[in-house]
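Have a look at model_38.cif below; it lists mmCIF, C-alpha atoms.
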```cif
data_query
loop_
_atom_site.label_atom_id
_atom_site.label_comp_id
_atom_site.auth_asym_id
_atom_site.auth_seq_id
_atom_site.Cartn_x
_atom_site.Cartn_y
_atom_site.Cartn_z
CA MET A 1 34.08 -220.83 58.89
CA LEU A 2 31.18 -220.85 61.37
CA GLU A 3 31.25 -224.63 61.70
CA GLN A 4 35.02 -224.52 62.21
CA LEU A 5 34.70 -221.96 64.99
CA ILE A 6 31.95 -223.95 66.71
CA ASN A 7 34.03 -227.12 66.54
CA GLU A 8 37.08 -225.29 67.85
CA LEU A 9 35.44 -223.38 70.71
CA THR A 10 32.80 -225.79 71.99
CA PRO A 11 35.27 -228.32 73.48
CA GLN A 12 36.93 -225.42 75.34
CA ASN A 13 33.58 -224.27 76.77
CA VAL A 14 34.00 -220.92 75.05
CA GLU A 15 30.80 -219.21 73.93
CA LEU A 16 30.71 -217.90 70.36
CA VAL A 17 28.91 -214.60 69.84
CA ALA A 18 28.30 -214.00 66.13
CA VAL A 19 28.60 -210.23 65.69
CA SER A 20 25.90 -209.47 63.15
CA LYS A 21 25.83 -205.67 63.20
CA THR A 22 25.10 -204.16 59.75
CA LYS A 23 24.43 -207.64 58.36
CA PRO A 24 21.08 -208.48 56.72
CA ASN A 25 18.60 -210.95 58.13
CA GLU A 26 19.45 -213.41 55.37
CA ALA A 27 23.05 -213.67 56.60
CA ILE A 28 21.90 -214.20 60.19
CA LEU A 29 19.46 -216.89 59.08
CA GLU A 30 22.25 -218.72 57.26
CA CYS A 31 24.12 -218.96 60.57
CA TYR A 32 20.91 -219.84 62.39
CA GLU A 33 20.32 -222.77 60.06
CA LYS A 34 23.82 -224.04 60.91
CA GLY A 35 22.99 -224.02 64.61
CA GLN A 36 24.22 -220.63 65.79
CA ARG A 37 21.84 -219.02 68.26
CA ILE A 38 23.81 -216.23 69.96
CA PHE A 39 24.17 -212.97 68.04
CA GLY A 40 25.68 -209.65 69.10
CA GLU A 41 24.54 -206.22 67.95
CA ASN A 42 25.97 -202.73 68.48
CA TYR A 43 23.08 -200.52 67.41
CA ILE A 44 19.86 -200.26 69.40
CA GLN A 45 17.35 -199.71 66.61
CA GLU A 46 18.95 -202.31 64.36
CA LEU A 47 18.78 -204.84 67.19
CA ALA A 48 15.13 -204.04 67.94
CA THR A 49 14.20 -204.42 64.26
CA LYS A 50 16.02 -207.73 63.93
CA TYR A 51 14.43 -209.05 67.10
CA GLU A 52 10.97 -208.39 65.70
CA SER A 53 11.60 -210.09 62.36
CA LEU A 54 13.84 -213.06 63.22
CA PRO A 55 13.18 -216.34 65.09
CA LYS A 56 12.36 -215.85 68.75
CA ASP A 57 14.78 -218.50 69.99
CA ILE A 58 17.70 -216.31 68.92
CA ILE A 59 19.63 -215.09 71.97
CA TRP A 60 20.49 -211.43 71.54
CA TYR A 61 23.48 -209.77 73.18
CA PHE A 62 24.02 -206.02 73.11
CA ILE A 63 27.76 -205.40 72.78
CA GLY A 64 28.07 -201.73 71.83
CA HIS A 65 28.25 -198.52 73.84
CA LEU A 66 24.81 -198.09 75.43
CA GLN A 67 23.22 -194.77 76.28
CA SER A 68 20.93 -194.80 79.31
CA ASN A 69 17.99 -193.35 77.40
CA LYS A 70 18.06 -196.26 74.94
CA VAL A 71 17.89 -199.09 77.48
CA LYS A 72 14.08 -199.13 77.41
CA VAL A 73 14.11 -200.21 73.74
CA ILE A 74 15.89 -203.52 74.37
CA ALA A 75 14.92 -204.19 77.99
CA PRO A 76 11.91 -206.38 77.07
CA PHE A 77 14.01 -208.99 75.26
CA VAL A 78 17.79 -208.61 75.43
CA HIS A 79 19.50 -211.60 77.06
CA LEU A 80 22.84 -210.01 77.96
CA ILE A 81 24.21 -206.47 77.94
CA GLN A 82 27.97 -206.82 77.65
CA SER A 83 28.93 -203.17 77.77
CA VAL A 84 28.00 -201.76 81.19
CA ASP A 85 30.59 -199.02 81.55
CA SER A 86 29.01 -196.92 84.29
CA PHE A 87 26.91 -197.55 87.36
CA LYS A 88 24.40 -194.93 86.27
CA LEU A 89 23.77 -197.20 83.28
CA LEU A 90 23.46 -200.26 85.51
CA GLY A 91 20.84 -198.44 87.55
CA GLU A 92 18.85 -197.63 84.42
CA ILE A 93 19.04 -201.25 83.26
CA ASN A 94 17.73 -202.33 86.65
CA LYS A 95 14.85 -199.83 86.40
CA ARG A 96 13.82 -200.96 82.91
CA ALA A 97 14.22 -204.65 83.76
CA LYS A 98 11.88 -204.19 86.74
CA GLN A 99 9.31 -202.47 84.54
CA ASN A 100 9.38 -205.52 82.26
CA ASP A 101 9.29 -207.99 85.17
CA ARG A 102 12.67 -209.35 84.13
CA THR A 103 16.21 -209.75 85.38
CA ILE A 104 18.78 -208.70 82.77
CA ASN A 105 22.21 -210.29 82.64
CA CYS A 106 25.11 -207.85 82.42
CA LEU A 107 28.88 -207.76 82.09
CA LEU A 108 30.98 -204.92 83.49
CA GLN A 109 33.13 -203.36 80.77
CA PHE A 110 36.67 -202.44 81.79
CA HIS A 111 39.05 -200.12 79.98
CA ILE A 112 42.11 -202.24 79.21
CA ALA A 113 43.28 -200.59 75.96
CA THR A 114 45.59 -197.65 75.42
CA GLU A 115 43.05 -195.83 73.25
CA ALA A 116 41.18 -193.17 75.18
CA SER A 117 38.25 -193.55 72.76
CA LYS A 118 37.34 -196.94 74.21
CA PHE A 119 34.91 -197.07 77.11
CA GLY A 120 35.15 -198.89 80.40
CA LEU A 121 35.52 -198.87 84.16
CA ASP A 122 38.65 -199.12 86.25
CA LEU A 123 39.03 -201.60 89.07
CA GLU A 124 38.89 -199.11 91.93
CA THR A 125 35.68 -197.52 90.66
CA ALA A 126 34.12 -200.95 90.33
CA ARG A 127 35.22 -201.94 93.82
CA ALA A 128 33.72 -198.81 95.35
CA PHE A 129 30.35 -199.39 93.74
CA LEU A 130 30.19 -203.10 94.46
CA GLU A 131 30.73 -202.28 98.14
CA SER A 132 27.91 -199.71 98.15
CA GLU A 133 24.33 -199.95 99.34
CA ALA A 134 23.21 -198.70 95.93
CA PHE A 135 24.53 -201.87 94.32
CA LYS A 136 22.84 -204.10 96.89
CA ASN A 137 19.50 -202.52 95.95
CA LEU A 138 19.75 -203.52 92.28
CA GLU A 139 17.47 -206.55 92.26
CA ASN A 140 16.76 -206.83 88.53
CA VAL A 141 20.29 -207.06 87.13
CA ASN A 142 22.50 -210.11 87.27
CA LEU A 143 26.23 -209.48 86.96
CA CYS A 144 27.77 -212.41 85.10
CA GLY A 145 31.36 -211.26 84.57
CA VAL A 146 33.52 -208.77 82.72
CA MET A 147 34.19 -207.55 79.20
CA GLY A 148 37.06 -205.67 77.63
CA MET A 149 38.41 -204.59 74.26
CA ALA A 150 42.12 -204.72 73.59
CA THR A 151 44.03 -202.02 71.74
CA PHE A 152 43.74 -202.13 67.95
CA THR A 153 47.38 -202.85 67.21
CA SER A 154 49.64 -205.36 65.50
CA ASP A 155 51.66 -205.66 68.72
CA LYS A 156 50.54 -209.09 69.92
CA ALA A 157 52.50 -208.81 73.14
CA GLN A 158 50.56 -205.70 74.08
CA VAL A 159 47.24 -207.35 73.29
CA ARG A 160 48.18 -210.38 75.38
CA THR A 161 49.14 -208.11 78.29
CA GLU A 162 45.76 -206.41 78.10
CA PHE A 163 43.93 -209.74 78.04
CA LYS A 164 45.91 -210.81 81.11
CA ALA A 165 44.88 -207.56 82.81
CA LEU A 166 41.19 -208.29 82.24
CA LYS A 167 41.59 -211.82 83.55
CA ASN A 168 43.24 -210.40 86.67
CA ILE A 169 40.34 -207.97 87.13
CA PHE A 170 37.87 -210.84 86.83
CA ASP A 171 39.80 -212.93 89.36
CA THR A 172 39.94 -210.02 91.79
CA LEU A 173 36.21 -209.30 91.59
CA LYS A 174 35.35 -212.99 91.78
CA SER A 175 37.35 -213.50 94.96
CA GLU A 176 36.31 -210.25 96.66
CA PHE A 177 32.62 -210.01 95.73
CA PHE A 178 31.32 -213.06 93.87
CA ALA A 179 33.07 -216.09 95.35
CA ASP A 180 29.75 -217.78 96.10
CA LYS A 181 27.99 -216.71 92.90
CA ALA A 182 28.17 -219.35 90.17
CA ASP A 183 26.68 -216.95 87.60
CA PHE A 184 29.72 -214.66 87.82
CA LYS A 185 31.85 -216.70 85.42
CA ASP A 186 32.29 -214.91 82.10
CA ILE A 187 35.25 -213.08 80.60
CA SER A 188 34.28 -211.65 77.23
CA MET A 189 37.40 -210.76 75.27
CA GLY A 190 38.72 -211.57 71.85
CA MET A 191 37.44 -210.87 68.35
CA SER A 192 38.10 -212.18 64.85
CA GLY A 193 41.79 -211.27 64.81
CA ASP A 194 42.79 -212.27 68.33
CA TYR A 195 40.22 -214.73 69.69
CA LYS A 196 42.73 -217.61 69.91
CA MET A 197 45.04 -215.55 72.10
CA ALA A 198 42.09 -214.41 74.19
CA VAL A 199 41.05 -218.00 74.83
CA GLU A 200 44.62 -218.84 75.85
CA GLU A 201 44.41 -216.02 78.40
CA GLY A 202 41.10 -217.15 79.89
CA SER A 203 38.30 -215.83 77.70
CA THR A 204 35.01 -217.68 78.08
CA MET A 205 33.22 -215.71 75.37
CA VAL A 206 34.50 -214.37 72.03
CA ARG A 207 32.83 -211.83 69.73
CA VAL A 208 33.46 -212.82 66.12
CA GLY A 209 32.11 -210.92 63.14
CA SER A 210 34.26 -210.70 60.03
CA LEU A 211 35.44 -214.32 60.18
CA ILE A 212 31.81 -215.40 60.00
CA PHE A 213 30.14 -212.73 57.88
CA GLY A 214 33.03 -211.15 55.98
CA LYS A 215 34.11 -207.52 56.15
CA ARG A 216 31.44 -204.95 56.86
CA ALA A 217 30.30 -202.22 54.50
CA TYR A 218 29.62 -199.28 56.81
CA LYS A 219 27.19 -196.58 55.79
#
```
Kindly return the structure encoded in the file as structure tokens.
Amino acid sequence: MLEQLINELTPQNVELVAVSKTKPNEAILECYEKGQRIFGENYIQELATKYESLPKDIIWYFIGHLQSNKVKVIAPFVHLIQSVDSFKLLGEINKRAKQNDRTINCLLQFHIATEASKFGLDLETARAFLESEAFKNLENVNLCGVMGMATFTSDKAQVRTEFKALKNIFDTLKSEFFADKADFKDISMGMSGDYKMAVEEGSTMVRVGSLIFGKRAYK
């Protein structure tokens, strides 16, 4: 399935993030041997352990909810933090990136689902911060786009509406704040069950786990 996904997404310039949370190193290495280099993890300690033991040309994305006090664990090596859902968190990422003499790529996570349990910003909050002096002083983070998680539902029309909403948020931020910034280009939306629809609605990055690794056995 991995090869099929690569062949399907590459011509569309859509980045495939193999979501490897809870999966053993052996499963990741199988994908690695087939050419996959970008992997997404949700748990800080699991990601740190995998980073230490797996090939160093793997590109690690953190895609789960991130607590500010855990940023220091992944700041030395993480390539992209997809789930920046507060500007307090962005400030902490900037602080830890500076300590490691790095710039860390980030996506702003927006709440597009109906479930209150999902995290994310709203457009007006994002606008207010991006206009602030505090944002201008963040020199060690690089905002590359937006991320969102659709409602877990069988209602495809609702999911499509939510994907459209995230694309509209991206377009708004791009035109108002990042028109001259080529790096601000990513819309991360879509997972194993809805990635095709997400791509139709403008996704540039999909997070696929079960289609690649099979269903997870949670502890």
Return the single residue from A:Thr10, A:Ser192, A:Lys185, A:Asp85 that is closest to Phe213 of chain A, with distances computed using only C-alpha atoms.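 Counting only C-alpha atoms, the residue closest to Phe213 of chain A is A:Ser192.
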With distances taken over all atoms listed in the file, which of A:Gly91, A:Pro55, A:Pro11, A:Gly214 is nearest to Asn69 of chain A?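 Comparing A:Gly91, A:Pro55, A:Pro11, A:Gly214 against Asn69 of chain A, the winner is A:Gly91.
Ranking A:Gly120, A:Leu66, A:Leu80, A:Glu52 by their shortest atom-to-atom distance to Phe39 of chain A, with only C-alpha atoms included, puts A:Leu80 first.
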Give me, as a short mmCIF file (atom, residue, chain, number, x, y, z; two decimals) with C-alpha atoms, keeping the file's coordinate frame, all polymer residues having an atom no more than 12 Å from Glu131 of chain A, counting all atoms listed in the file and skipping those fewer than 6 positions away in the same chain.
```
data_model
loop_
_atom_site.label_atom_id
_atom_site.label_comp_id
_atom_site.auth_asym_id
_atom_site.auth_seq_id
_atom_site.Cartn_x
_atom_site.Cartn_y
_atom_site.Cartn_z
CA GLU A 124 38.89 -199.11 91.93
CA THR A 125 35.68 -197.52 90.66
CA ASN A 137 19.50 -202.52 95.95
CA LEU A 173 36.21 -209.30 91.59
CA GLU A 176 36.31 -210.25 96.66
CA PHE A 177 32.62 -210.01 95.73
CA PHE A 178 31.32 -213.06 93.87
#
```
Counting only C-alpha atoms, which residue out of A:Tyr61, A:Asn140, A:Lys181, A:Lys70 sits closest to Lys98 of chain A?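 Of the candidates, the smallest distance to Lys98 of chain A is held by A:Asn140.
The shortest atom-to-atom distance to Asn142 of chain A, with all atoms listed in the file taken into account, belongs to A:Ile81 out of A:Lys21, A:Gly209, A:Ile81, A:Ile59.
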So for segment 199-212 of chain A, what box centre and size do we get, axis-aligned, 6 Å extra on each of the six sides, every listed atom, Å to one decimal, as lines of an AutoDock Vina configuration file?
```
center_x = 38.2
center_y = -214.8
center_z = 69.9
size_x = 24.8
size_y = 20.1
size_z = 31.9
```
Care to translate the PyMOL selection byres ((chain A and resi 23) around 10) into actual residues of this file, as a count of residues only? 18
Where does segment 33-123 of chain A meet segment 145-156 of chain A within 9 Å, residue by residue, with the nearest atom pair and distance in Å to one decimal for each, counting all atoms listed in the file, listed by chain and rising number, as CSV?
```
residue,atom,partner,partner_atom,distance
A:Gln82,CA,A:Met147,CA,6.5
A:Ser83,CA,A:Met147,CA,7.0
A:Val84,CA,A:Met147,CA,8.7
A:Cys106,CA,A:Gly145,CA,7.4
A:Leu107,CA,A:Val146,CA,4.8
A:Leu108,CA,A:Val146,CA,4.7
A:Gln109,CA,A:Met147,CA,4.6
A:Phe110,CA,A:Gly148,CA,5.3
A:His111,CA,A:Gly148,CA,6.3
A:Ile112,CA,A:Ala150,CA,6.1
A:Ala113,CA,A:Thr151,CA,4.5
A:Thr114,CA,A:Thr151,CA,5.9
A:Glu115,CA,A:Thr151,CA,6.4
A:Lys118,CA,A:Met149,CA,7.7
A:Phe119,CA,A:Met149,CA,8.8
A:Gly120,CA,A:Gly148,CA,7.6
```
Please evaluate the PyMOL selection byres ((chain A and resi 6) around 12) against the structure above and give the resulting residues as a list in words.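 Here the PyMOL selection byres ((chain A and resi 6) around 12) matches Met1, Leu2, Glu3, Gln4, Leu5, Asn7, Glu8, Leu9, Thr10, Pro11, Gln12, Asn13, Val14, Glu15, Leu16, Val17, Ala18, Cys31, Lys34, Gly35, Gln36, Arg37, Ile38, Val206, Val208 and Ile212 of chain A.
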Env of Val78 of chain A: 10 Å cut, atoms = only C-alpha atoms, seq-sep filter 5 positions within chain, self excluded. Answer as a PyMOL selection string. chain A and resi 47-48+51+59-62+71+73+97+104-105
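Going from atom CA of Ser188 of chain A over to atom CA of Arg102 of chain A, you cover 22.8 Å.
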Taking into account only C-alpha atoms, which residue in the set A:Lys88, A:His65, A:Arg207, A:Lys72 is nearest to Ala134 of chain A? A:Lys88
In Å, rounded to a single decimal, give me how far atom CA of Ala179 of chain A is from atom CA of Val141 of chain A. 17.7 Å
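Our summary of the geometry notes that atom CA of Asn94 of chain A is positioned 14.8 Å from atom CA of Phe129 of chain A.
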